[in-house]
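J.: The structure under discussion is supplied below as structure tokens; questions concerning it will follow.
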Amino acid sequence: MNINTTKVISLLFFIFSAFYLYTAYQIQVFAFDENAPFNARTFPIYLGYAGLFFSGLKLILPDPNTIKVQHKTLEYKKTVILIIIAIIYGATILKVGYFLTTSLFLFSSYYFLGERRWVLMFLLSFPFVAAFMYLLHGVLDIYLRDPFLKSIGVMG
Amino acid sequence: MIEGILIGLTTALTLQNILMVMLGCFFGTIIGMLPGLGPMTAIALMIPITYGFDPATGLILMAGVYYGAVFGGSTSSILLNAPGVPGTVATSFDGYPMAQQGKAGKALAIAAWSSFAGGTLSAIYLLFMAPSLSKVSLSFRSPDYFALMILGLTAIAAFSSKGQFLKAMMMVVIGLMLASVGQDSLSDITRFTFNNMNLTDGISFVLVVMATFAMSEALTIILKRNDPTSAAKQVSLTELGSIKINKEERTKMYKTIPRSSVIGFLIGVLPGAGATIASFLAYGMERNIVTDEEKEKFGKGSVNGLSAPETANNAACSGSFVPMLTLGIPGSGTTAVMLGALLGFGVQPGPRLYMTNPEIFWSIIMSMYIGMVILLILNLPLIPYIARILAVPKNYLIPLILFFSITGIYVMSFNNFDIYLMIGIAVVATFMRLYDFPMPPLILAFVLGGLMEENLRRSLLLSNGSWEFLWDRTLTACILLTTILIVVWHIYKTMFKKTKG
């Protein structure tokens, strides 16, 4: 049986809108604001109904432009690896510091995307990040936390 | 007025102020090009520097940064499909496809000329129409703004979705839902934060735009690596193309620029509307005006489709100065930052600014002309160098796009929760892109969400909770009627297509 993925997404959005609407009704407002013409929950409630309306219409109405995605040709493996690298990058950036994590993120991303020109990979990671960091921190005066560089005495 | 122009010229044409415009345009272009660092960040960075100057010089510097960053944003929209600011999202609709066809140089040249023409024309409009335009914007009330925002969102859903109106409307609702996360602006009550402190201030615009455009674009490129269609696109991306605009393209631009500059300027004058709505409306208007043959090219690299939003967003930048200088109400987020700087100088913008500080008012207008000329001189010769970003192989470009996106978020909040949130939104956006769910309506809705709620709040409170405000004023009723017609027409079209099938 062929399942129309657009309809599945619409159904998911319908469920999400119902949850959003339920949560909107749960927003605690001040007692004096409870019966006001407009309070903190008014707009979200309308949005919840709008979500139900449009996703409901998409579910009911025919879909003349059905999208067919060729999953076999999609490169899921590399995409997932890159997402995992980005998550690890996010998890370590505060503890390790901007310079080392960003350089390693770039270097490993080049590697997993199939690049093997080591010198270029190195130049476009460590020295590149150092130059960019100088632009942000040194020229534009944007503070960048870096415990690693601090520990080796490069950054104050 | 002549006296005012002379005062403005005398102030703007000092060596120091010309240098400030040049520096502002240059740094603005560089910063605006980096995805995640738009005009607001650029101007905010400049504020401490401007305090060393007199108010006129400080504002001239900030205005230069503004124009430069808007042009820089267009560059990243065209080359990377990563608009750093919402005002340049519409530029990517046709600019990026044009770059993919190996005409990146041409796309950038069209953008540069359109920006120049839009900015210059709007500066002329501003010069002659500033006093009367302040009256026009004064006549707009909250119900009109609310209706105008509904119209803007419906219009973007109608023209960006390529026959997928309901999908686009769903994206609009998602954008508004994302904007509703965080503290309510009036009561400070937290909404949809699920007791997570990181969400109390809401989700930042840069995070959403980076996730739905830059990051999801990078992920889509990897995902479709083996797709024969996208492989063809990758090859063509390495060709930079000429920056010369031929006669046929010039003819198209001659027609597009005047009408887009008018709409851009008028929308820019309306407080809160700004470059985003202007560029989207100009794009939509242009699509409706052109011939059927030309209409088919929209979204695939149309000259009109690129020129219209570029002209309009620059015209709107000039227009947005009108409410800020004459009413003290910012026309956009960026002019809101500038308003803060003005107050820091001890200058109170408003109708009396003409009389109390004429040199500030007129020198900013005069510096607009100078800024536009400098931008053109600076950017046109640099186009071949700027376009070289395209020559970077995908194995390097994709990690670099991710790096700029993540850095853009990191330097704003120093919080890894924002990085996770961005990755999460990007993954969902990538999946939805595969099924043709358009992202621009989500972005516009996200930007307008807060303003829309504010105007609905005011309208409902003023009418004691009655929805009569929707038809009480003729202007509101007309705008809403147009919106209803668009919705009904698109739903009818969807149903009719199936019946026909």
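Chain labels run A, B, ... following the order of the structure tokens; each chain numbers its residues from 1, and ligands are numbered from 1 in the order shown.
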Can you work out which residues from chain B touch chain A at a cut-off of 7 Å (counting only C-alpha atoms) and hand them back as number ranges by chain?
T.: B: 166, 169-170, 173, 177, 180, 184, 189, 191, 219, 222-227, 395-396, 399, 416, 419-420, 435, 453, 457, 460-461, 464-465, 495, 497-498
J.: Determine, counting only C-alpha atoms, which protein, DNA and RNA residues have an atom within 9 Å of an atom of B:Asp436; residues of the same chain fewer than 3 positions away are not included. Present the result as a list in words.
T.: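 So the residues in contact are Thr6 and Ile67 of chain A; Ser161, Gln164, Lys167, Met432 and Arg433 of chain B.
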J.: Restricting the calculation to only C-alpha atoms: of B:Leu444, B:Leu480, B:Ile374, B:Ile360, which residue gets closest to B:Asp54?
T.: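 Smallest distance to B:Asp54 is found for B:Ile360.
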J.: Closest to B:Ile365 among B:Phe26, B:Phe53, B:Tyr125, B:Trp489, using only C-alpha atoms?
T.: B:Tyr125
J.: Going by DSSP on the backbone, which residues of stretch 5-155 of chain A come out as helix (DSSP H, G or I)? List them as a ChimeraX atom specification.
T.: /A:5-26,31-33,42-60,71-73,76-96,98-112,118-123,126-139,147-151
J.: Contacts of A:Asp146 at 12 Å or less, counting only C-alpha atoms, minus same-chain residues fewer than 5 places along, as a list in words?
T.: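 These residues fall inside the cut-off: Thr92, Ile93, Leu94, Lys95, Val96, Gly97, Tyr98, Phe99, Leu100, Thr101, Thr102, Ala130, Met133, His137, Ser151, Ile152, Gly153, Val154, Met155 and Gly156 of chain A; Phe414 of chain B.
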J.: Restrict the selected residues to N, CA and C atoms and save them as a PDB file, in the first residue's frame.
T.:
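Full text of out_29.pdb as output:
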```pdb
ATOM      1  N   THR A  92      30.330  19.913  23.248  1.00  0.00           N
ATOM      2  CA  THR A  92      31.679  20.132  23.788  1.00  0.00           C
ATOM      3  C   THR A  92      32.168  21.579  23.716  1.00  0.00           C
ATOM      4  N   ILE A  93      31.499  22.405  22.932  1.00  0.00           N
ATOM      5  CA  ILE A  93      32.020  23.767  22.678  1.00  0.00           C
ATOM      6  C   ILE A  93      32.205  24.596  23.956  1.00  0.00           C
ATOM      7  N   LEU A  94      31.299  24.467  24.903  1.00  0.00           N
ATOM      8  CA  LEU A  94      31.422  25.278  26.119  1.00  0.00           C
ATOM      9  C   LEU A  94      32.534  24.768  27.031  1.00  0.00           C
ATOM     10  N   LYS A  95      32.640  23.425  27.114  1.00  0.00           N
ATOM     11  CA  LYS A  95      33.628  22.849  28.040  1.00  0.00           C
ATOM     12  C   LYS A  95      35.046  22.924  27.484  1.00  0.00           C
ATOM     13  N   VAL A  96      35.200  22.562  26.215  1.00  0.00           N
ATOM     14  CA  VAL A  96      36.546  22.510  25.633  1.00  0.00           C
ATOM     15  C   VAL A  96      36.971  23.889  25.103  1.00  0.00           C
ATOM     16  N   GLY A  97      36.040  24.595  24.499  1.00  0.00           N
ATOM     17  CA  GLY A  97      36.371  25.911  23.957  1.00  0.00           C
ATOM     18  C   GLY A  97      36.147  25.991  22.459  1.00  0.00           C
ATOM     19  N   TYR A  98      36.055  27.204  21.964  1.00  0.00           N
ATOM     20  CA  TYR A  98      35.681  27.452  20.572  1.00  0.00           C
ATOM     21  C   TYR A  98      36.728  26.928  19.587  1.00  0.00           C
ATOM     22  N   PHE A  99      38.000  27.232  19.847  1.00  0.00           N
ATOM     23  CA  PHE A  99      39.048  26.946  18.860  1.00  0.00           C
ATOM     24  C   PHE A  99      39.173  25.454  18.547  1.00  0.00           C
ATOM     25  N   LEU A 100      39.391  24.656  19.579  1.00  0.00           N
ATOM     26  CA  LEU A 100      39.649  23.231  19.369  1.00  0.00           C
ATOM     27  C   LEU A 100      38.414  22.510  18.817  1.00  0.00           C
ATOM     28  N   THR A 101      37.248  22.760  19.415  1.00  0.00           N
ATOM     29  CA  THR A 101      36.033  22.045  18.969  1.00  0.00           C
ATOM     30  C   THR A 101      35.667  22.431  17.539  1.00  0.00           C
ATOM     31  N   THR A 102      35.772  23.724  17.224  1.00  0.00           N
ATOM     32  CA  THR A 102      35.394  24.158  15.880  1.00  0.00           C
ATOM     33  C   THR A 102      36.363  23.581  14.843  1.00  0.00           C
ATOM     34  N   ALA A 130      41.494  29.883  13.627  1.00  0.00           N
ATOM     35  CA  ALA A 130      42.303  30.850  14.379  1.00  0.00           C
ATOM     36  C   ALA A 130      42.135  32.254  13.794  1.00  0.00           C
ATOM     37  N   MET A 133      38.642  33.493  14.493  1.00  0.00           N
ATOM     38  CA  MET A 133      38.545  33.827  15.914  1.00  0.00           C
ATOM     39  C   MET A 133      39.196  35.175  16.197  1.00  0.00           C
ATOM     40  N   HIS A 137      37.144  37.968  17.915  1.00  0.00           N
ATOM     41  CA  HIS A 137      37.591  38.330  19.259  1.00  0.00           C
ATOM     42  C   HIS A 137      38.498  39.559  19.255  1.00  0.00           C
ATOM     43  N   SER A 151      43.852  27.623  29.186  1.00  0.00           N
ATOM     44  CA  SER A 151      44.695  26.720  29.977  1.00  0.00           C
ATOM     45  C   SER A 151      46.135  26.683  29.457  1.00  0.00           C
ATOM     46  N   ILE A 152      46.320  26.905  28.149  1.00  0.00           N
ATOM     47  CA  ILE A 152      47.705  26.902  27.632  1.00  0.00           C
ATOM     48  C   ILE A 152      48.275  28.323  27.540  1.00  0.00           C
ATOM     49  N   GLY A 153      47.495  29.282  28.048  1.00  0.00           N
ATOM     50  CA  GLY A 153      47.993  30.649  28.170  1.00  0.00           C
ATOM     51  C   GLY A 153      47.934  31.494  26.915  1.00  0.00           C
ATOM     52  N   VAL A 154      47.197  31.033  25.878  1.00  0.00           N
ATOM     53  CA  VAL A 154      47.094  31.821  24.640  1.00  0.00           C
ATOM     54  C   VAL A 154      46.075  32.952  24.807  1.00  0.00           C
ATOM     55  N   MET A 155      44.997  32.661  25.521  1.00  0.00           N
ATOM     56  CA  MET A 155      43.943  33.664  25.714  1.00  0.00           C
ATOM     57  C   MET A 155      43.866  34.076  27.176  1.00  0.00           C
ATOM     58  N   GLY A 156      43.594  35.359  27.386  1.00  0.00           N
ATOM     59  CA  GLY A 156      43.502  35.852  28.759  1.00  0.00           C
ATOM     60  C   GLY A 156      42.190  35.554  29.434  1.00  0.00           C
TER      61      GLY A 156
ATOM     62  N   PHE B 414      26.026  31.976  23.658  1.00  0.00           N
ATOM     63  CA  PHE B 414      26.974  31.135  24.405  1.00  0.00           C
ATOM     64  C   PHE B 414      26.239  30.016  25.145  1.00  0.00           C
TER      65      PHE B 414
END
```
J.: Between B:Gly102, B:Gly346, B:Gly119, B:Gly95, which is the closest to B:Met372 once you count only C-alpha atoms?
T.: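 Closest to B:Met372, using only C-alpha atoms: B:Gly119.
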